[in-house]
Amino acid sequence: MIDSREFRKYAHEFVDWMADYLENIDKLPVKSQVKPGEIFSKIPDQPPGTSESMDDIFGDFKDVILPGMTHWQSPNYFAYFTANSSYPSVLAEMLTSTMAAQCMVWETSPAAAELEEKVMNWLRDMIGLPESFEGVIQDTASTATLVALLTAREKLSGYSINEKGFSGDEKYRIYCSSEAHSSIEKAVKMAGFGRQNLVKIEVDDTLAIRPESLKQAIENDISEGKTPLCVVAALGTTGTVAIDPLKPIAEICRNHNIWLHVDAAYAGTALVLPEQRWMIEGIEEADSFVFNPHKWMFTNFDCSAYYVKDTEALIRTFEILPEYLKTGTRGQVNDYRDWGVQLGRRFRALKLWFVIRDFGVDGIQKKVKEHLDWASELAGQIKESEDFELLEPQHLGLVCFRYRPGEERDKERLNAMNQELMQILNESGDIYLTHTKVDGFIILRMVIGQTNVTRDHVQRAWNLILQTAETL
Ligand SMILES: *Cc1c(COP(=O)(O)O)cnc(C)c1O
């Protein structure tokens, strides 16, 4: 086993490897090219009986593991949404893993709790949320949405389901658009509402929820004796970054005393730019809001920012107080184990603090603005190109399009062509992009948002797409 002297030696060596990796990452095949089971078969079936050398372990990391990695930090990464990192974030994570503190309550690391409170205030102000919101870092947006649904459930039921469980007479209903993220359905299942009580509301031709249909669905449910509990508005759907109109949704929620949760997992980062805040017009009326700095704000996974107005309801929903967790500081400070599902918590605020300080708010704004500019430039090029069709409206850093050469209009043939185009591009290792479906048509998605992407990378990708399409 390595000792402190060797730890120092390897740590230096690894940091050099890390810097080299990040400097040369654009030369690696962005999407891993391995076949299913390939890595598994290269790893011994039994653990080593005795200590192995760090040289061997590190060698296997490079030879066996690395080929099976997709390089999310490559500037040629345009798939899904980005899961960004940055130098300050990596540096902070080195410190975090070295201290390896478990930050469940204030006493187990006061700095972790107090930095989290402060940085979440910074972040709230940076994206223009009202001061009536307080933040807590969750692992993912999926967890944050589950937390929102559970809090809404307990607040409306007078905390009785926590106490007695469902009586069977509740008829709670949850609403979101047909384009909303799958994490909502997952949370509805986990929170005990039953998937059938998730009402998926139809969308308009921009793929945003129709407030009129939402209102209708809620009124129908009420007339049938059901209880509308929560609406989840999507600010930026995952498929196409459609943006639900918050203001009319908020008004419906206010009229019927419904918890309004806003899922801005990807799009929230764009709110650092004041000109993008039209998206949150009406946010004062929302009850909770989530966005992921681990998607687009240069802070490595995991770091999801959950904001809630009624922190008392949140804490009442999650608080537990066995004797061994009682502390003398309760009530004076935030014990974040009561603000979500987990007891044990990582010190995630540190990396966010490093990122915000190293970039500065203006540095974050500048990068995000560039991503938006390059995305709209690309959208313009696609729109002008003869054989490609842009999906409009184009929102934020996501550009959706499809190959549609000449007079070809047959759905099956177009889908097959786009599938093939995507496959060739991804297997080339040069770029990585993904797809979604709109009205049964395969649509290719390119997300411009990787920390180190430049205009050149975007233009190179577009040229590659054009050239590859010609070979089909
Ligand atoms: C990515 C995404 C999520 C899920 O995020 P996790 O942090 O991975 O749980 C939820 N909602 C939307 C709109 C997303 O884009």
# chains A, B, ... in the order shown; residues from 1 in each chain; ligands from 1

call {"tool": "residues_near_ligand", "arguments": {"ligand": "ligand 1", "cutoff": "6 Å", "atoms": "only C-alpha atoms and all ligand atoms", "output": "list of chain:residue names"}}
result
A:Thr140, A:Ala141, A:Ser142, A:His181, A:Ser183, A:Gly236, A:Thr237, A:Thr238, A:Asp263, A:Ala264, A:Ala265, A:Tyr266

call {"tool": "residues_around", "arguments": {"residues": "Ala148 of chain A", "least_positions_apart": "2", "cutoff": "12 Å", "atoms": "only C-alpha atoms", "output": "PyMOL selection string"}}
result
chain A and resi 138+141-146+150-155+174+184+187-188+191+229-232+259-263+286-290+306-311+313-315+317-318+339-341

call {"tool": "write_last_selection", "arguments": {"atoms": "N, CA and C atoms", "output": "CSV table (one decimal), in the first residue's frame"}}
result
chain,number,residue,atom,x,y,z
A,138,GLN,N,-28.5,19.8,-4.0
A,138,GLN,CA,-28.9,18.4,-4.1
A,138,GLN,C,-28.0,17.7,-5.0
A,141,ALA,N,-31.1,17.0,-10.3
A,141,ALA,CA,-32.4,17.6,-10.4
A,141,ALA,C,-33.5,16.5,-10.2
A,142,SER,N,-33.2,15.3,-10.4
A,142,SER,CA,-34.2,14.2,-10.2
A,142,SER,C,-34.5,14.2,-8.7
A,143,THR,N,-33.5,14.3,-7.8
A,143,THR,CA,-33.7,14.3,-6.4
A,143,THR,C,-34.4,15.6,-6.0
A,144,ALA,N,-34.0,16.7,-6.6
A,144,ALA,CA,-34.7,18.0,-6.2
A,144,ALA,C,-36.2,17.9,-6.5
A,145,THR,N,-36.5,17.3,-7.6
A,145,THR,CA,-38.0,17.2,-8.0
A,145,THR,C,-38.7,16.3,-7.1
A,146,LEU,N,-38.1,15.2,-6.7
A,146,LEU,CA,-38.7,14.3,-5.7
A,146,LEU,C,-38.9,15.1,-4.4
A,150,LEU,N,-42.5,15.7,-2.5
A,150,LEU,CA,-42.8,15.2,-1.2
A,150,LEU,C,-43.1,16.4,-0.3
A,151,THR,N,-42.5,17.5,-0.4
A,151,THR,CA,-42.8,18.7,0.4
A,151,THR,C,-44.2,19.2,0.1
A,152,ALA,N,-44.5,19.2,-1.2
A,152,ALA,CA,-45.9,19.6,-1.6
A,152,ALA,C,-46.9,18.7,-1.0
A,153,ARG,N,-46.6,17.4,-1.0
A,153,ARG,CA,-47.6,16.4,-0.5
A,153,ARG,C,-47.8,16.6,1.0
A,154,GLU,N,-46.7,16.8,1.7
A,154,GLU,CA,-46.8,17.0,3.2
A,154,GLU,C,-47.5,18.3,3.6
A,155,LYS,N,-47.1,19.3,2.8
A,155,LYS,CA,-47.7,20.6,3.2
A,155,LYS,C,-49.2,20.6,3.0
A,174,ILE,N,-50.8,15.4,-10.2
A,174,ILE,CA,-49.6,16.1,-10.6
A,174,ILE,C,-49.6,16.4,-12.1
A,184,ILE,N,-39.7,13.4,-13.6
A,184,ILE,CA,-41.0,13.8,-12.9
A,184,ILE,C,-41.8,12.6,-12.7
A,187,ALA,N,-40.3,10.6,-10.0
A,187,ALA,CA,-40.6,11.1,-8.6
A,187,ALA,C,-42.0,10.8,-8.2
A,188,VAL,N,-43.0,10.9,-9.2
A,188,VAL,CA,-44.4,10.7,-8.9
A,188,VAL,C,-44.5,9.2,-8.5
A,191,ALA,N,-42.9,8.9,-4.9
A,191,ALA,CA,-43.6,9.6,-3.8
A,191,ALA,C,-44.9,9.0,-3.5
A,229,LEU,N,-52.3,18.9,-6.9
A,229,LEU,CA,-51.2,19.0,-5.8
A,229,LEU,C,-50.1,19.9,-6.3
A,230,CYS,N,-49.6,19.6,-7.5
A,230,CYS,CA,-48.3,20.2,-8.0
A,230,CYS,C,-48.3,20.3,-9.5
A,231,VAL,N,-47.8,21.4,-10.0
A,231,VAL,CA,-47.5,21.5,-11.4
A,231,VAL,C,-46.0,21.6,-11.6
A,232,VAL,N,-45.4,20.9,-12.5
A,232,VAL,CA,-44.0,21.0,-12.7
A,232,VAL,C,-43.9,21.7,-14.1
A,259,TRP,N,-48.9,23.7,-5.6
A,259,TRP,CA,-47.4,23.9,-5.6
A,259,TRP,C,-46.9,24.0,-7.0
A,260,LEU,N,-46.1,25.0,-7.2
A,260,LEU,CA,-45.5,25.2,-8.6
A,260,LEU,C,-44.0,24.9,-8.5
A,261,HIS,N,-43.6,23.8,-9.1
A,261,HIS,CA,-42.1,23.5,-9.1
A,261,HIS,C,-41.6,23.8,-10.5
A,262,VAL,N,-40.5,24.5,-10.6
A,262,VAL,CA,-39.9,24.8,-11.9
A,262,VAL,C,-38.7,24.0,-12.2
A,263,ASP,N,-38.7,23.3,-13.3
A,263,ASP,CA,-37.5,22.4,-13.6
A,263,ASP,C,-36.8,23.2,-14.7
A,286,ALA,N,-43.7,31.0,-7.9
A,286,ALA,CA,-43.3,29.6,-7.8
A,286,ALA,C,-43.0,29.2,-6.4
A,287,ASP,N,-43.1,27.9,-6.1
A,287,ASP,CA,-42.7,27.4,-4.7
A,287,ASP,C,-41.3,26.8,-4.7
A,288,SER,N,-40.9,26.3,-5.8
A,288,SER,CA,-39.5,25.7,-5.8
A,288,SER,C,-39.0,25.8,-7.3
A,289,PHE,N,-37.7,25.7,-7.3
A,289,PHE,CA,-37.0,25.9,-8.6
A,289,PHE,C,-35.7,25.0,-8.6
A,290,VAL,N,-35.4,24.4,-9.6
A,290,VAL,CA,-34.1,23.6,-9.7
A,290,VAL,C,-33.4,23.9,-11.0
A,306,TYR,N,-31.2,23.6,-5.7
A,306,TYR,CA,-32.6,23.5,-5.4
A,306,TYR,C,-33.0,24.7,-4.6
A,307,TYR,N,-34.0,25.5,-5.0
A,307,TYR,CA,-34.4,26.7,-4.3
A,307,TYR,C,-35.9,26.5,-3.9
A,308,VAL,N,-36.2,26.9,-2.7
A,308,VAL,CA,-37.5,26.7,-2.2
A,308,VAL,C,-37.9,27.9,-1.3
A,309,LYS,N,-39.2,28.3,-1.4
A,309,LYS,CA,-39.6,29.4,-0.6
A,309,LYS,C,-39.9,29.0,0.9
A,310,ASP,N,-40.7,28.0,1.0
A,310,ASP,CA,-41.2,27.6,2.3
A,310,ASP,C,-40.2,26.6,2.9
A,311,THR,N,-39.1,27.1,3.5
A,311,THR,CA,-38.1,26.2,4.0
A,311,THR,C,-38.6,25.4,5.3
A,313,ALA,N,-41.6,24.2,5.6
A,313,ALA,CA,-42.3,23.0,5.1
A,313,ALA,C,-41.3,22.0,4.6
A,314,LEU,N,-40.3,22.4,4.0
A,314,LEU,CA,-39.2,21.5,3.5
A,314,LEU,C,-38.6,20.7,4.7
A,315,ILE,N,-38.3,21.5,5.7
A,315,ILE,CA,-37.6,20.8,6.9
A,315,ILE,C,-38.6,19.9,7.6
A,317,THR,N,-40.9,18.3,6.4
A,317,THR,CA,-41.1,17.0,5.6
A,317,THR,C,-39.9,16.0,5.8
A,318,PHE,N,-38.7,16.6,6.0
A,318,PHE,CA,-37.6,15.6,6.0
A,318,PHE,C,-36.9,15.4,7.3
A,339,TRP,N,-32.8,18.9,4.7
A,339,TRP,CA,-33.3,19.6,3.5
A,339,TRP,C,-33.4,18.7,2.3
A,340,GLY,N,-33.4,17.4,2.5
A,340,GLY,CA,-33.5,16.5,1.4
A,340,GLY,C,-33.4,15.1,1.8
A,341,VAL,N,-33.2,14.2,0.9
A,341,VAL,CA,-33.3,12.8,1.1
A,341,VAL,C,-32.1,12.2,1.9

call {"tool": "atom_distance", "arguments": {"atom1": "atom CA of Pro130 of chain A", "atom2": "atom CA of Ile283 of chain A"}}
result
7.8 Å

call {"tool": "select_by_dssp", "arguments": {"residues": "segment 177-340 of chain A", "states": "strand (DSSP E or B)", "output": "ChimeraX atom specification"}}
result
/A:177,198-201,203,209,227-235,243,259-263,288-291,304-308,330,333

call {"tool": "residues_around", "arguments": {"residues": "Leu273 of chain A", "least_positions_apart": "4", "cutoff": "9 Å", "atoms": "only C-alpha atoms", "output": "compact mmCIF listing (two decimals) with C-alpha atoms, in the first residue's frame"}}
result
# COMPACT_ATOMS: atom_id res chain seq x y z
CA MET A 126 -26.65 35.65 -10.02
CA ILE A 127 -29.63 34.12 -11.82
CA THR A 269 -27.59 28.71 -16.17
CA ARG A 277 -34.76 36.39 -17.62
CA GLN A 365 -21.72 35.40 -18.36
CA LYS A 366 -19.19 35.77 -21.15
CA VAL A 368 -22.63 31.46 -21.68
CA LYS A 369 -23.20 34.37 -24.05

call {"tool": "residues_around", "arguments": {"residues": "Met104 of chain A", "least_positions_apart": "3", "cutoff": "10 Å", "atoms": "only C-alpha atoms", "output": "list in words"}}
result
Ala101, Glu107, Thr108, Ser109, Ala112, Ala113, Leu325, Asp335, Tyr336, Arg337, Asp338, Gln342, Leu343, Gly344, Arg345, Arg346 and Phe347 of chain A

call {"tool": "write_last_selection", "arguments": {"atoms": "N, CA, C and O atoms", "output": "mmCIF file, in the first residue's frame"}}
result
data_model
loop_
_atom_site.group_PDB
_atom_site.id
_atom_site.type_symbol
_atom_site.label_atom_id
_atom_site.label_comp_id
_atom_site.auth_asym_id
_atom_site.auth_seq_id
_atom_site.Cartn_x
_atom_site.Cartn_y
_atom_site.Cartn_z
ATOM 1 N N ALA A 101 -14.764 15.030 4.125
ATOM 2 C CA ALA A 101 -15.666 15.279 5.249
ATOM 3 C C ALA A 101 -17.078 14.846 4.872
ATOM 4 O O ALA A 101 -17.475 14.928 3.712
ATOM 5 N N GLU A 107 -22.481 20.800 12.681
ATOM 6 C CA GLU A 107 -21.368 20.436 13.563
ATOM 7 C C GLU A 107 -20.323 19.546 12.906
ATOM 8 O O GLU A 107 -19.161 19.564 13.304
ATOM 9 N N THR A 108 -20.740 18.781 11.913
ATOM 10 C CA THR A 108 -19.785 17.857 11.304
ATOM 11 C C THR A 108 -18.851 18.566 10.317
ATOM 12 O O THR A 108 -17.968 17.922 9.745
ATOM 13 N N SER A 109 -19.052 19.835 10.098
ATOM 14 C CA SER A 109 -18.171 20.734 9.347
ATOM 15 C C SER A 109 -18.880 22.073 9.151
ATOM 16 O O SER A 109 -19.522 22.298 8.119
ATOM 17 N N ALA A 112 -18.687 23.893 5.799
ATOM 18 C CA ALA A 112 -19.441 23.333 4.674
ATOM 19 C C ALA A 112 -20.875 23.873 4.682
ATOM 20 O O ALA A 112 -21.412 24.268 3.655
ATOM 21 N N ALA A 113 -21.482 23.896 5.858
ATOM 22 C CA ALA A 113 -22.866 24.384 5.969
ATOM 23 C C ALA A 113 -22.934 25.879 5.662
ATOM 24 O O ALA A 113 -23.807 26.339 4.923
ATOM 25 N N LEU A 325 -28.147 12.097 16.714
ATOM 26 C CA LEU A 325 -27.931 13.207 15.785
ATOM 27 C C LEU A 325 -28.286 14.551 16.426
ATOM 28 O O LEU A 325 -28.281 15.578 15.762
ATOM 29 N N ASP A 335 -28.899 22.688 9.247
ATOM 30 C CA ASP A 335 -28.463 21.290 9.227
ATOM 31 C C ASP A 335 -29.050 20.679 7.954
ATOM 32 O O ASP A 335 -30.215 20.281 7.915
ATOM 33 N N TYR A 336 -28.221 20.606 6.905
ATOM 34 C CA TYR A 336 -28.783 20.291 5.590
ATOM 35 C C TYR A 336 -29.278 18.859 5.452
ATOM 36 O O TYR A 336 -29.940 18.535 4.474
ATOM 37 N N ARG A 337 -28.977 18.009 6.414
ATOM 38 C CA ARG A 337 -29.543 16.655 6.312
ATOM 39 C C ARG A 337 -31.076 16.710 6.364
ATOM 40 O O ARG A 337 -31.749 15.776 5.958
ATOM 41 N N ASP A 338 -31.619 17.829 6.892
ATOM 42 C CA ASP A 338 -33.078 17.969 6.953
ATOM 43 C C ASP A 338 -33.652 18.640 5.715
ATOM 44 O O ASP A 338 -34.835 18.957 5.663
ATOM 45 N N GLN A 342 -30.885 12.611 1.535
ATOM 46 C CA GLN A 342 -29.693 11.988 2.116
ATOM 47 C C GLN A 342 -29.476 12.435 3.554
ATOM 48 O O GLN A 342 -29.798 13.566 3.902
ATOM 49 N N LEU A 343 -28.862 11.560 4.326
ATOM 50 C CA LEU A 343 -28.295 12.010 5.601
ATOM 51 C C LEU A 343 -26.874 12.501 5.316
ATOM 52 O O LEU A 343 -26.566 13.673 5.469
ATOM 53 N N GLY A 344 -26.006 11.591 4.878
ATOM 54 C CA GLY A 344 -24.628 11.974 4.590
ATOM 55 C C GLY A 344 -24.556 12.857 3.353
ATOM 56 O O GLY A 344 -25.284 12.650 2.395
ATOM 57 N N ARG A 345 -23.697 13.851 3.408
ATOM 58 C CA ARG A 345 -23.610 14.778 2.277
ATOM 59 C C ARG A 345 -22.150 15.090 1.968
ATOM 60 O O ARG A 345 -21.336 15.263 2.864
ATOM 61 N N ARG A 346 -21.859 15.189 0.667
ATOM 62 C CA ARG A 346 -20.553 15.650 0.236
ATOM 63 C C ARG A 346 -20.455 17.164 0.372
ATOM 64 O O ARG A 346 -21.458 17.856 0.320
ATOM 65 N N PHE A 347 -19.243 17.660 0.465
ATOM 66 C CA PHE A 347 -19.002 19.111 0.528
ATOM 67 C C PHE A 347 -18.988 19.639 -0.909
ATOM 68 O O PHE A 347 -17.941 19.818 -1.503
#

call {"tool": "select_by_dssp", "arguments": {"residues": "segment 285-391 of chain A", "states": "alpha helix (DSSP H)", "output": "VMD selection string"}}
result
chain A and resid 293 to 296 311 to 318 349 to 384

call {"tool": "closest_residue", "arguments": {"among": "A:Val447, A:Asn334, A:Phe40, A:Leu425", "to": "Glu312 of chain A", "atoms": "only C-alpha atoms"}}
result
A:Asn334

call {"tool": "atom_distance", "arguments": {"atom1": "atom CA of Ala416 of chain A", "atom2": "atom CA of Met446 of chain A"}}
result
18.5 Å

call {"tool": "atom_distance", "arguments": {"atom1": "atom CA of Gln33 of chain A", "atom2": "atom CA of Tyr21 of chain A"}}
result
17.8 Å

call {"tool": "residues_around", "arguments": {"residues": "Thr96 of chain A", "least_positions_apart": "6", "cutoff": "12 Å", "atoms": "only C-alpha atoms", "output": "PyMOL selection string"}}
result
chain A and resi 89-90+102-103+112+345-352+354

call {"tool": "write_last_selection", "arguments": {"atoms": "all heavy atoms", "output": "CSV table (one decimal), in the first residue's frame"}}
result
chain,number,residue,atom,x,y,z
A,89,SER,N,-13.0,23.9,-10.7
A,89,SER,CA,-13.8,22.8,-10.1
A,89,SER,C,-13.0,21.6,-9.8
A,89,SER,O,-13.2,21.0,-8.7
A,89,SER,CB,-14.9,22.5,-11.1
A,89,SER,OG,-15.8,21.6,-10.6
A,90,VAL,N,-12.1,21.2,-10.7
A,90,VAL,CA,-11.3,20.0,-10.4
A,90,VAL,C,-10.4,20.2,-9.2
A,90,VAL,O,-10.2,19.4,-8.3
A,90,VAL,CB,-10.4,19.7,-11.7
A,90,VAL,CG1,-9.5,18.5,-11.4
A,90,VAL,CG2,-11.3,19.3,-12.8
A,102,GLN,N,-17.8,14.4,5.8
A,102,GLN,CA,-19.2,14.0,5.6
A,102,GLN,C,-20.0,15.1,6.3
A,102,GLN,O,-20.0,15.2,7.5
A,102,GLN,CB,-19.4,12.6,6.3
A,102,GLN,CG,-20.5,11.9,5.7
A,102,GLN,CD,-21.8,12.2,6.4
A,102,GLN,OE1,-22.2,13.4,6.4
A,102,GLN,NE2,-22.5,11.2,7.0
A,103,CYS,N,-20.7,15.9,5.5
A,103,CYS,CA,-21.2,17.2,5.9
A,103,CYS,C,-22.7,17.1,6.2
A,103,CYS,O,-23.5,17.9,5.6
A,103,CYS,CB,-20.9,18.3,4.9
A,103,CYS,SG,-19.1,18.3,4.6
A,112,ALA,N,-18.7,23.9,5.8
A,112,ALA,CA,-19.4,23.3,4.7
A,112,ALA,C,-20.9,23.9,4.7
A,112,ALA,O,-21.4,24.3,3.7
A,112,ALA,CB,-19.4,21.8,4.7
A,345,ARG,N,-23.7,13.9,3.4
A,345,ARG,CA,-23.6,14.8,2.3
A,345,ARG,C,-22.2,15.1,2.0
A,345,ARG,O,-21.3,15.3,2.9
A,345,ARG,CB,-24.3,16.1,2.6
A,345,ARG,CG,-25.7,15.9,3.1
A,345,ARG,CD,-26.4,17.3,3.4
A,345,ARG,NE,-26.9,17.9,2.2
A,345,ARG,CZ,-26.4,19.1,1.8
A,345,ARG,NH1,-25.4,19.7,2.4
A,345,ARG,NH2,-26.9,19.6,0.7
A,346,ARG,N,-21.9,15.2,0.7
A,346,ARG,CA,-20.6,15.6,0.2
A,346,ARG,C,-20.5,17.2,0.4
A,346,ARG,O,-21.5,17.9,0.3
A,346,ARG,CB,-20.4,15.3,-1.3
A,346,ARG,CG,-19.8,13.9,-1.5
A,346,ARG,CD,-20.0,13.4,-2.9
A,346,ARG,NE,-19.9,14.4,-4.0
A,346,ARG,CZ,-18.8,15.0,-4.4
A,346,ARG,NH1,-17.6,14.6,-3.9
A,346,ARG,NH2,-18.8,15.8,-5.4
A,347,PHE,N,-19.2,17.7,0.5
A,347,PHE,CA,-19.0,19.1,0.5
A,347,PHE,C,-19.0,19.6,-0.9
A,347,PHE,O,-17.9,19.8,-1.5
A,347,PHE,CB,-17.7,19.3,1.2
A,347,PHE,CG,-17.3,20.8,1.5
A,347,PHE,CD1,-18.2,21.8,1.2
A,347,PHE,CD2,-16.1,21.1,2.1
A,347,PHE,CE1,-17.9,23.2,1.5
A,347,PHE,CE2,-15.8,22.5,2.4
A,347,PHE,CZ,-16.7,23.5,2.1
A,348,ARG,N,-20.2,19.9,-1.4
A,348,ARG,CA,-20.3,20.3,-2.9
A,348,ARG,C,-20.1,21.8,-3.0
A,348,ARG,O,-19.8,22.3,-4.2
A,348,ARG,CB,-21.6,19.8,-3.5
A,348,ARG,CG,-21.8,18.3,-3.5
A,348,ARG,CD,-23.0,18.1,-4.4
A,348,ARG,NE,-23.5,16.7,-4.2
A,348,ARG,CZ,-24.4,16.4,-3.3
A,348,ARG,NH1,-24.9,17.3,-2.5
A,348,ARG,NH2,-24.7,15.1,-3.2
A,349,ALA,N,-20.4,22.5,-2.0
A,349,ALA,CA,-20.3,24.0,-2.1
A,349,ALA,C,-18.9,24.5,-2.5
A,349,ALA,O,-18.8,25.5,-3.1
A,349,ALA,CB,-20.8,24.7,-0.8
A,350,LEU,N,-17.9,23.7,-2.1
A,350,LEU,CA,-16.6,24.2,-2.3
A,350,LEU,C,-16.2,24.4,-3.8
A,350,LEU,O,-15.7,25.5,-4.2
A,350,LEU,CB,-15.6,23.2,-1.6
A,350,LEU,CG,-14.1,23.8,-1.5
A,350,LEU,CD1,-14.1,24.8,-0.4
A,350,LEU,CD2,-13.1,22.7,-1.3
A,351,LYS,N,-16.6,23.4,-4.6
A,351,LYS,CA,-16.3,23.6,-6.0
A,351,LYS,C,-17.1,24.7,-6.7
A,351,LYS,O,-16.5,25.4,-7.5
A,351,LYS,CB,-16.5,22.2,-6.7
A,351,LYS,CG,-17.9,21.7,-6.7
A,351,LYS,CD,-18.0,20.3,-7.3
A,351,LYS,CE,-19.3,19.7,-7.0
A,351,LYS,NZ,-19.4,18.3,-7.4
A,352,LEU,N,-18.3,24.9,-6.2
A,352,LEU,CA,-19.1,26.0,-6.8
A,352,LEU,C,-18.5,27.4,-6.4
A,352,LEU,O,-18.4,28.3,-7.2
A,352,LEU,CB,-20.5,25.9,-6.2
A,352,LEU,CG,-21.7,26.6,-6.9
A,352,LEU,CD1,-21.7,26.3,-8.4
A,352,LEU,CD2,-23.0,26.1,-6.3
A,354,PHE,N,-15.3,27.9,-5.7
A,354,PHE,CA,-14.0,28.0,-6.5
A,354,PHE,C,-14.4,28.5,-7.9
A,354,PHE,O,-13.7,29.4,-8.5
A,354,PHE,CB,-13.3,26.7,-6.6
A,354,PHE,CG,-12.3,26.5,-5.5
A,354,PHE,CD1,-12.6,26.7,-4.2
A,354,PHE,CD2,-11.0,26.0,-5.8
A,354,PHE,CE1,-11.7,26.5,-3.2
A,354,PHE,CE2,-10.0,25.8,-4.8
A,354,PHE,CZ,-10.4,26.0,-3.5

call {"tool": "residues_around", "arguments": {"residues": "segment 74-85 of chain A", "least_positions_apart": "5", "cutoff": "6 Å", "atoms": "only C-alpha atoms", "output": "list of chain:residue names"}}
result
A:Ile25, A:Asp26, A:His294, A:Lys295, A:Trp296, A:Phe298, A:Thr299, A:Asn300, A:Ile431, A:Tyr432, A:Leu433, A:Thr434, A:Met446, A:Val447, A:Gln450, A:Asn452, A:Val453

call {"tool": "residues_around", "arguments": {"residues": "Leu414 of chain A", "least_positions_apart": "3", "cutoff": "9 Å", "atoms": "only C-alpha atoms", "output": "count of residues only"}}
result
13

call {"tool": "closest_residue", "arguments": {"among": "A:Ile209, A:Ile65, A:Leu214, A:Leu396", "to": "Ala267 of chain A", "atoms": "only C-alpha atoms"}}
result
A:Leu396
